[in-house]
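Visitor: Below is input19.txt; it holds compact mmCIF, all heavy atoms.
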```txt
# COMPACT_ATOMS: atom_id res chain seq x y z
N MET G 1 4.26 13.25 -7.36
CA MET G 1 3.05 12.57 -6.92
C MET G 1 3.32 11.09 -6.67
O MET G 1 2.81 10.53 -5.73
CB MET G 1 1.97 12.76 -7.98
CG MET G 1 0.67 12.10 -7.65
SD MET G 1 -0.10 12.95 -6.27
CE MET G 1 -1.56 12.03 -6.10
N LEU G 2 4.13 10.50 -7.52
CA LEU G 2 4.40 9.07 -7.39
C LEU G 2 5.19 8.77 -6.12
O LEU G 2 4.95 7.76 -5.46
CB LEU G 2 5.16 8.56 -8.61
CG LEU G 2 5.31 7.06 -8.75
CD1 LEU G 2 3.95 6.39 -8.77
CD2 LEU G 2 6.09 6.72 -10.00
N SER G 3 6.09 9.68 -5.73
CA SER G 3 6.86 9.45 -4.50
C SER G 3 5.97 9.52 -3.26
O SER G 3 6.21 8.80 -2.28
CB SER G 3 8.00 10.46 -4.39
OG SER G 3 7.49 11.77 -4.30
N ILE G 4 4.95 10.34 -3.30
CA ILE G 4 4.00 10.41 -2.19
C ILE G 4 3.26 9.09 -2.07
O ILE G 4 3.07 8.56 -0.96
CB ILE G 4 3.01 11.58 -2.37
CG1 ILE G 4 3.75 12.90 -2.27
CG2 ILE G 4 1.89 11.51 -1.34
CD1 ILE G 4 2.89 14.10 -2.62
N LEU G 5 2.85 8.52 -3.19
CA LEU G 5 2.14 7.25 -3.17
C LEU G 5 3.02 6.16 -2.59
O LEU G 5 2.57 5.36 -1.77
CB LEU G 5 1.70 6.87 -4.59
CG LEU G 5 0.99 5.54 -4.69
CD1 LEU G 5 -0.33 5.57 -3.94
CD2 LEU G 5 0.77 5.17 -6.14
N TRP G 6 4.29 6.12 -3.00
CA TRP G 6 5.19 5.10 -2.47
C TRP G 6 5.41 5.30 -0.98
O TRP G 6 5.54 4.32 -0.23
CB TRP G 6 6.51 5.08 -3.23
CG TRP G 6 6.37 4.40 -4.55
CD1 TRP G 6 6.46 4.99 -5.76
CD2 TRP G 6 6.09 3.02 -4.79
NE1 TRP G 6 6.26 4.05 -6.76
CE2 TRP G 6 6.02 2.84 -6.18
CE3 TRP G 6 5.88 1.93 -3.96
CZ2 TRP G 6 5.76 1.59 -6.75
CZ3 TRP G 6 5.62 0.70 -4.54
CH2 TRP G 6 5.56 0.54 -5.92
N GLY G 7 5.44 6.54 -0.54
CA GLY G 7 5.56 6.81 0.89
C GLY G 7 4.37 6.26 1.66
O GLY G 7 4.52 5.67 2.73
N VAL G 8 3.18 6.46 1.11
CA VAL G 8 1.97 5.94 1.75
C VAL G 8 2.00 4.41 1.79
O VAL G 8 1.65 3.80 2.81
CB VAL G 8 0.71 6.44 1.00
CG1 VAL G 8 -0.53 5.72 1.47
CG2 VAL G 8 0.56 7.94 1.18
N VAL G 9 2.46 3.79 0.71
CA VAL G 9 2.54 2.33 0.67
C VAL G 9 3.50 1.82 1.74
O VAL G 9 3.20 0.86 2.46
CB VAL G 9 2.96 1.85 -0.74
CG1 VAL G 9 3.30 0.37 -0.72
CG2 VAL G 9 1.87 2.13 -1.75
N VAL G 10 4.65 2.48 1.89
CA VAL G 10 5.63 2.06 2.89
C VAL G 10 5.06 2.20 4.30
O VAL G 10 5.21 1.30 5.14
CB VAL G 10 6.94 2.85 2.74
CG1 VAL G 10 7.86 2.64 3.92
CG2 VAL G 10 7.63 2.47 1.43
N VAL G 11 4.41 3.31 4.57
CA VAL G 11 3.81 3.53 5.89
C VAL G 11 2.74 2.48 6.17
O VAL G 11 2.68 1.91 7.27
CB VAL G 11 3.23 4.96 6.01
CG1 VAL G 11 2.38 5.11 7.25
CG2 VAL G 11 4.36 5.98 6.01
N LEU G 12 1.90 2.19 5.19
CA LEU G 12 0.86 1.18 5.39
C LEU G 12 1.45 -0.20 5.59
O LEU G 12 0.92 -1.00 6.37
CB LEU G 12 -0.12 1.20 4.21
CG LEU G 12 -1.08 2.38 4.21
CD1 LEU G 12 -1.91 2.38 2.95
CD2 LEU G 12 -1.97 2.34 5.44
N LEU G 13 2.53 -0.51 4.88
CA LEU G 13 3.20 -1.80 5.10
C LEU G 13 3.73 -1.89 6.53
O LEU G 13 3.63 -2.95 7.17
CB LEU G 13 4.34 -1.99 4.11
CG LEU G 13 3.94 -2.47 2.72
CD1 LEU G 13 5.14 -2.41 1.78
CD2 LEU G 13 3.37 -3.87 2.79
N ALA G 14 4.27 -0.80 7.03
CA ALA G 14 4.76 -0.79 8.42
C ALA G 14 3.62 -1.00 9.40
O ALA G 14 3.72 -1.79 10.34
CB ALA G 14 5.48 0.52 8.70
N PHE G 15 2.51 -0.29 9.19
CA PHE G 15 1.35 -0.47 10.07
C PHE G 15 0.78 -1.88 9.97
O PHE G 15 0.34 -2.45 10.96
CB PHE G 15 0.25 0.55 9.76
CG PHE G 15 0.53 1.92 10.28
CD1 PHE G 15 0.16 3.04 9.55
CD2 PHE G 15 1.15 2.12 11.49
CE1 PHE G 15 0.39 4.31 10.02
CE2 PHE G 15 1.40 3.38 11.98
CZ PHE G 15 1.02 4.48 11.24
N TRP G 16 0.81 -2.44 8.76
CA TRP G 16 0.33 -3.80 8.56
C TRP G 16 1.18 -4.78 9.35
O TRP G 16 0.67 -5.68 10.01
CB TRP G 16 0.33 -4.13 7.07
CG TRP G 16 -0.08 -5.53 6.76
CD1 TRP G 16 -1.32 -6.07 6.86
CD2 TRP G 16 0.78 -6.57 6.30
NE1 TRP G 16 -1.28 -7.38 6.48
CE2 TRP G 16 -0.01 -7.71 6.13
CE3 TRP G 16 2.14 -6.63 6.00
CZ2 TRP G 16 0.52 -8.91 5.68
CZ3 TRP G 16 2.66 -7.83 5.55
CH2 TRP G 16 1.85 -8.95 5.39
N ALA G 17 2.50 -4.61 9.28
CA ALA G 17 3.40 -5.49 10.02
C ALA G 17 3.16 -5.36 11.52
O ALA G 17 3.13 -6.36 12.24
CB ALA G 17 4.85 -5.17 9.67
N LEU G 18 2.99 -4.13 12.00
CA LEU G 18 2.69 -3.93 13.42
C LEU G 18 1.35 -4.57 13.79
O LEU G 18 1.20 -5.13 14.86
CB LEU G 18 2.64 -2.43 13.75
CG LEU G 18 4.00 -1.74 13.87
CD1 LEU G 18 3.79 -0.24 14.02
CD2 LEU G 18 4.79 -2.30 15.02
N GLY G 19 0.39 -4.47 12.89
CA GLY G 19 -0.92 -5.07 13.14
C GLY G 19 -0.84 -6.58 13.24
O GLY G 19 -1.53 -7.21 14.04
N LEU G 20 0.02 -7.19 12.42
CA LEU G 20 0.20 -8.64 12.50
C LEU G 20 0.84 -9.04 13.82
O LEU G 20 0.46 -10.03 14.44
CB LEU G 20 1.06 -9.15 11.34
CG LEU G 20 0.37 -9.27 9.99
CD1 LEU G 20 1.38 -9.70 8.94
CD2 LEU G 20 -0.79 -10.23 10.04
N VAL G 21 1.84 -8.26 14.24
CA VAL G 21 2.57 -8.60 15.45
C VAL G 21 1.74 -8.30 16.71
O VAL G 21 1.67 -9.11 17.63
CB VAL G 21 3.91 -7.85 15.49
CG1 VAL G 21 4.62 -8.05 16.82
CG2 VAL G 21 4.81 -8.30 14.35
N LEU G 22 1.12 -7.13 16.73
CA LEU G 22 0.43 -6.67 17.93
C LEU G 22 -1.09 -6.87 17.88
O LEU G 22 -1.77 -6.52 18.83
CB LEU G 22 0.75 -5.19 18.18
CG LEU G 22 2.24 -4.86 18.33
CD1 LEU G 22 2.43 -3.36 18.45
CD2 LEU G 22 2.85 -5.59 19.52
N HIS G 23 -1.60 -7.38 16.77
CA HIS G 23 -3.05 -7.61 16.60
C HIS G 23 -3.86 -6.34 16.80
O HIS G 23 -4.83 -6.29 17.56
CB HIS G 23 -3.54 -8.71 17.53
CG HIS G 23 -2.80 -9.99 17.35
ND1 HIS G 23 -2.94 -10.76 16.24
CD2 HIS G 23 -1.88 -10.61 18.12
CE1 HIS G 23 -2.15 -11.82 16.33
NE2 HIS G 23 -1.48 -11.75 17.47
N ILE G 24 -3.44 -5.26 16.11
CA ILE G 24 -4.12 -3.97 16.19
C ILE G 24 -4.94 -3.76 14.91
O ILE G 24 -4.50 -4.10 13.83
CB ILE G 24 -3.11 -2.80 16.31
CG1 ILE G 24 -2.18 -3.03 17.49
CG2 ILE G 24 -3.83 -1.48 16.47
CD1 ILE G 24 -1.04 -2.04 17.54
N ALA G 25 -6.11 -3.20 15.00
CA ALA G 25 -6.96 -2.73 13.90
C ALA G 25 -7.61 -3.83 13.09
O ALA G 25 -8.38 -3.54 12.19
CB ALA G 25 -6.18 -1.78 12.99
N GLY G 26 -7.32 -5.06 13.34
CA GLY G 26 -8.03 -6.16 12.69
C GLY G 26 -8.02 -6.10 11.18
O GLY G 26 -6.98 -5.90 10.55
N ASN G 27 -9.17 -6.27 10.60
CA ASN G 27 -9.29 -6.36 9.15
C ASN G 27 -9.20 -5.00 8.46
O ASN G 27 -8.95 -4.95 7.26
CB ASN G 27 -10.61 -7.03 8.76
CG ASN G 27 -10.63 -8.48 9.16
OD1 ASN G 27 -9.58 -9.13 9.19
ND2 ASN G 27 -11.80 -8.99 9.49
N LEU G 28 -9.37 -3.93 9.18
CA LEU G 28 -9.34 -2.60 8.58
C LEU G 28 -8.00 -2.32 7.93
O LEU G 28 -7.93 -1.86 6.79
CB LEU G 28 -9.66 -1.53 9.62
CG LEU G 28 -9.58 -0.09 9.13
CD1 LEU G 28 -10.63 0.16 8.05
CD2 LEU G 28 -9.76 0.88 10.28
N ILE G 29 -6.91 -2.61 8.62
CA ILE G 29 -5.60 -2.31 8.07
C ILE G 29 -5.31 -3.19 6.85
O ILE G 29 -4.65 -2.76 5.91
CB ILE G 29 -4.49 -2.44 9.14
CG1 ILE G 29 -3.20 -1.78 8.65
CG2 ILE G 29 -4.26 -3.87 9.52
CD1 ILE G 29 -3.29 -0.30 8.45
N HIS G 30 -5.85 -4.40 6.82
CA HIS G 30 -5.66 -5.26 5.66
C HIS G 30 -6.40 -4.70 4.44
O HIS G 30 -5.87 -4.73 3.33
CB HIS G 30 -6.13 -6.68 5.96
CG HIS G 30 -5.32 -7.35 7.01
ND1 HIS G 30 -3.99 -7.64 6.87
CD2 HIS G 30 -5.66 -7.79 8.24
CE1 HIS G 30 -3.54 -8.22 7.96
NE2 HIS G 30 -4.54 -8.32 8.81
N ALA G 31 -7.58 -4.18 4.66
CA ALA G 31 -8.34 -3.59 3.56
C ALA G 31 -7.64 -2.35 3.01
O ALA G 31 -7.52 -2.17 1.79
CB ALA G 31 -9.75 -3.24 4.03
N VAL G 32 -7.14 -1.51 3.89
CA VAL G 32 -6.44 -0.30 3.46
C VAL G 32 -5.15 -0.66 2.75
O VAL G 32 -4.79 -0.05 1.74
CB VAL G 32 -6.18 0.64 4.67
CG1 VAL G 32 -5.34 1.83 4.27
CG2 VAL G 32 -7.50 1.10 5.26
N LEU G 33 -4.45 -1.67 3.23
CA LEU G 33 -3.23 -2.12 2.58
C LEU G 33 -3.51 -2.64 1.18
O LEU G 33 -2.77 -2.33 0.24
CB LEU G 33 -2.55 -3.21 3.42
CG LEU G 33 -1.29 -3.80 2.82
CD1 LEU G 33 -0.20 -2.74 2.76
CD2 LEU G 33 -0.83 -4.99 3.61
N LEU G 34 -4.56 -3.40 1.01
CA LEU G 34 -4.91 -3.90 -0.32
C LEU G 34 -5.23 -2.76 -1.28
O LEU G 34 -4.85 -2.79 -2.45
CB LEU G 34 -6.09 -4.86 -0.24
CG LEU G 34 -5.76 -6.22 0.37
CD1 LEU G 34 -7.04 -7.04 0.52
CD2 LEU G 34 -4.75 -6.96 -0.47
N ILE G 35 -5.91 -1.73 -0.78
CA ILE G 35 -6.20 -0.57 -1.62
C ILE G 35 -4.91 0.13 -2.01
O ILE G 35 -4.73 0.52 -3.18
CB ILE G 35 -7.16 0.40 -0.88
CG1 ILE G 35 -8.53 -0.25 -0.74
CG2 ILE G 35 -7.26 1.73 -1.60
CD1 ILE G 35 -9.46 0.48 0.21
N ALA G 36 -3.99 0.30 -1.07
CA ALA G 36 -2.72 0.96 -1.37
C ALA G 36 -1.90 0.16 -2.38
O ALA G 36 -1.30 0.74 -3.29
CB ALA G 36 -1.92 1.16 -0.08
N ILE G 37 -1.89 -1.15 -2.24
CA ILE G 37 -1.15 -1.98 -3.19
C ILE G 37 -1.78 -1.90 -4.58
O ILE G 37 -1.07 -1.81 -5.58
CB ILE G 37 -1.08 -3.44 -2.69
CG1 ILE G 37 -0.15 -3.51 -1.48
CG2 ILE G 37 -0.58 -4.37 -3.78
CD1 ILE G 37 -0.15 -4.84 -0.79
N ALA G 38 -3.10 -1.91 -4.63
CA ALA G 38 -3.78 -1.80 -5.92
C ALA G 38 -3.45 -0.46 -6.59
O ALA G 38 -3.19 -0.41 -7.80
CB ALA G 38 -5.29 -1.94 -5.73
N LEU G 39 -3.43 0.62 -5.82
CA LEU G 39 -3.07 1.93 -6.37
C LEU G 39 -1.61 1.96 -6.84
O LEU G 39 -1.30 2.53 -7.89
CB LEU G 39 -3.29 3.03 -5.33
CG LEU G 39 -4.73 3.42 -5.07
CD1 LEU G 39 -4.82 4.38 -3.90
CD2 LEU G 39 -5.34 4.03 -6.31
N ALA G 40 -0.73 1.33 -6.09
CA ALA G 40 0.69 1.29 -6.47
C ALA G 40 0.87 0.52 -7.78
O ALA G 40 1.61 0.96 -8.66
CB ALA G 40 1.51 0.66 -5.35
N ILE G 41 0.20 -0.60 -7.91
CA ILE G 41 0.29 -1.39 -9.15
C ILE G 41 -0.30 -0.61 -10.32
O ILE G 41 0.28 -0.57 -11.41
CB ILE G 41 -0.41 -2.75 -8.97
CG1 ILE G 41 0.38 -3.60 -7.98
CG2 ILE G 41 -0.58 -3.47 -10.30
CD1 ILE G 41 -0.33 -4.86 -7.55
N TYR G 42 -1.43 0.03 -10.10
CA TYR G 42 -2.05 0.84 -11.16
C TYR G 42 -1.10 1.94 -11.63
O TYR G 42 -0.90 2.13 -12.83
CB TYR G 42 -3.36 1.44 -10.64
CG TYR G 42 -3.96 2.46 -11.58
CD1 TYR G 42 -4.60 2.04 -12.74
CD2 TYR G 42 -3.87 3.82 -11.31
CE1 TYR G 42 -5.15 2.98 -13.61
CE2 TYR G 42 -4.41 4.75 -12.17
CZ TYR G 42 -5.04 4.32 -13.31
OH TYR G 42 -5.58 5.25 -14.18
N ASN G 43 -0.51 2.66 -10.68
CA ASN G 43 0.40 3.74 -11.05
C ASN G 43 1.67 3.23 -11.68
O ASN G 43 2.25 3.90 -12.54
CB ASN G 43 0.72 4.60 -9.83
CG ASN G 43 -0.40 5.57 -9.54
OD1 ASN G 43 -1.01 6.11 -10.45
ND2 ASN G 43 -0.67 5.80 -8.27
N PHE G 44 2.14 2.06 -11.28
CA PHE G 44 3.34 1.47 -11.90
C PHE G 44 3.09 1.21 -13.37
O PHE G 44 3.89 1.57 -14.23
CB PHE G 44 3.71 0.18 -11.17
CG PHE G 44 4.85 -0.54 -11.81
CD1 PHE G 44 6.14 -0.05 -11.67
CD2 PHE G 44 4.65 -1.69 -12.53
CE1 PHE G 44 7.20 -0.72 -12.25
CE2 PHE G 44 5.69 -2.37 -13.12
CZ PHE G 44 6.99 -1.87 -12.98
N PHE G 45 1.95 0.59 -13.69
CA PHE G 45 1.65 0.31 -15.09
C PHE G 45 1.31 1.58 -15.87
O PHE G 45 1.62 1.68 -17.05
CB PHE G 45 0.54 -0.72 -15.21
CG PHE G 45 0.99 -2.11 -14.87
CD1 PHE G 45 0.48 -2.78 -13.78
CD2 PHE G 45 1.98 -2.73 -15.62
CE1 PHE G 45 0.91 -4.06 -13.45
CE2 PHE G 45 2.42 -4.01 -15.31
CZ PHE G 45 1.88 -4.66 -14.22
N LYS G 46 0.69 2.53 -15.23
CA LYS G 46 0.37 3.80 -15.88
C LYS G 46 1.65 4.55 -16.23
O LYS G 46 1.76 5.14 -17.31
CB LYS G 46 -0.51 4.65 -14.95
CG LYS G 46 -0.97 5.93 -15.57
CD LYS G 46 -1.87 6.69 -14.61
CE LYS G 46 -2.23 8.04 -15.19
NZ LYS G 46 -2.98 8.85 -14.26
N ALA G 47 2.64 4.54 -15.34
CA ALA G 47 3.90 5.23 -15.59
C ALA G 47 4.69 4.56 -16.72
O ALA G 47 5.42 5.20 -17.44
CB ALA G 47 4.72 5.26 -14.31
N ARG G 48 4.56 3.25 -16.87
CA ARG G 48 5.29 2.54 -17.91
C ARG G 48 4.73 2.83 -19.30
O ARG G 48 5.45 2.76 -20.28
CB ARG G 48 5.23 1.03 -17.67
CG ARG G 48 6.07 0.62 -16.47
CD ARG G 48 6.07 -0.85 -16.28
NE ARG G 48 6.77 -1.49 -17.39
CZ ARG G 48 6.76 -2.79 -17.65
NH1 ARG G 48 6.05 -3.59 -16.88
NH2 ARG G 48 7.41 -3.30 -18.65
N ASP G 49 3.45 3.18 -19.39
CA ASP G 49 2.81 3.47 -20.68
C ASP G 49 3.26 4.81 -21.23
O ASP G 49 3.28 5.02 -22.44
CB ASP G 49 1.28 3.47 -20.56
CG ASP G 49 0.74 2.06 -20.32
OD1 ASP G 49 1.47 1.10 -20.64
OD2 ASP G 49 -0.39 1.95 -19.84
N VAL G 50 3.63 5.72 -20.37
CA VAL G 50 4.00 7.09 -20.81
C VAL G 50 5.35 7.11 -21.44
O VAL G 50 6.26 6.46 -21.17
CB VAL G 50 3.92 8.07 -19.63
CG1 VAL G 50 4.44 9.43 -20.05
CG2 VAL G 50 2.50 8.15 -19.14
```
Using the file provided, produce a representation of the structure as structure tokens.
Guide:
Amino acid sequence: MLSILWGVVVVLLAFWALGLVLHIAGNLIHAVLLIAIALAIYNFFKARDV
């Protein structure tokens, strides 16, 4: 499950970079990226507790 999340984070980072360069999707991609980063951080700390 964790590898799927990291895959999603990488894909969103790529789309975010493309959005910065090509000005695609505006603020939507930034909001989705922030959600993905928040989930990644949450899962990182959750995995360390186990």
Visitor: Separation of atom O of G:Val10 and atom O of G:Tyr42, in Å?
Guide: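 Between these atoms lies a distance of 19.0 Å.
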Visitor: How many Å separate atom O of G:Ala36 from atom C of G:Leu18?
Guide: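 Computing it gives 18.1 Å between the two atoms.
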Visitor: Calculate how many Å separate atom CA of G:Val9 from atom CA of G:Leu28, rounding to one decimal.
Guide: 15.1 Å
Visitor: Please enclose the listed atoms of stretch 6-21 of chain G in an axis-aligned box, pad each side by 4 Å, and write out the centre and the three edge lengths in Å, rounded to one decimal, as JSON.
Guide:
```
{"center_x": 2.9, "center_y": -1.1, "center_z": 5.4, "size_x": 17.8, "size_y": 26.2, "size_z": 32.4}
```
Visitor: Determine the nearest neighbour of G:Trp16 from the options G:Ile4, G:His30, G:Arg48, G:Ile35, counting only C-alpha atoms.
Guide: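 Distance minimum relative to G:Trp16 lands on G:His30.
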Visitor: Which one of G:Ala17, G:Ala40, G:Lys46, G:His23 sits closest to G:Ser3 if you count only C-alpha atoms?
Guide: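 Using only C-alpha atoms, the shortest distance to G:Ser3 belongs to G:Ala40.
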Visitor: Which polymer residues have any atom within 4.5 Å of an atom of G:Leu33, counting all atoms listed in the file, with same-chain residues fewer than 4 positions away left out, as a list in words?
Guide: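 Once the adjacent positions are removed, what remains is Leu12, Leu13, Trp16, Ile29 and Ile37 of chain G.
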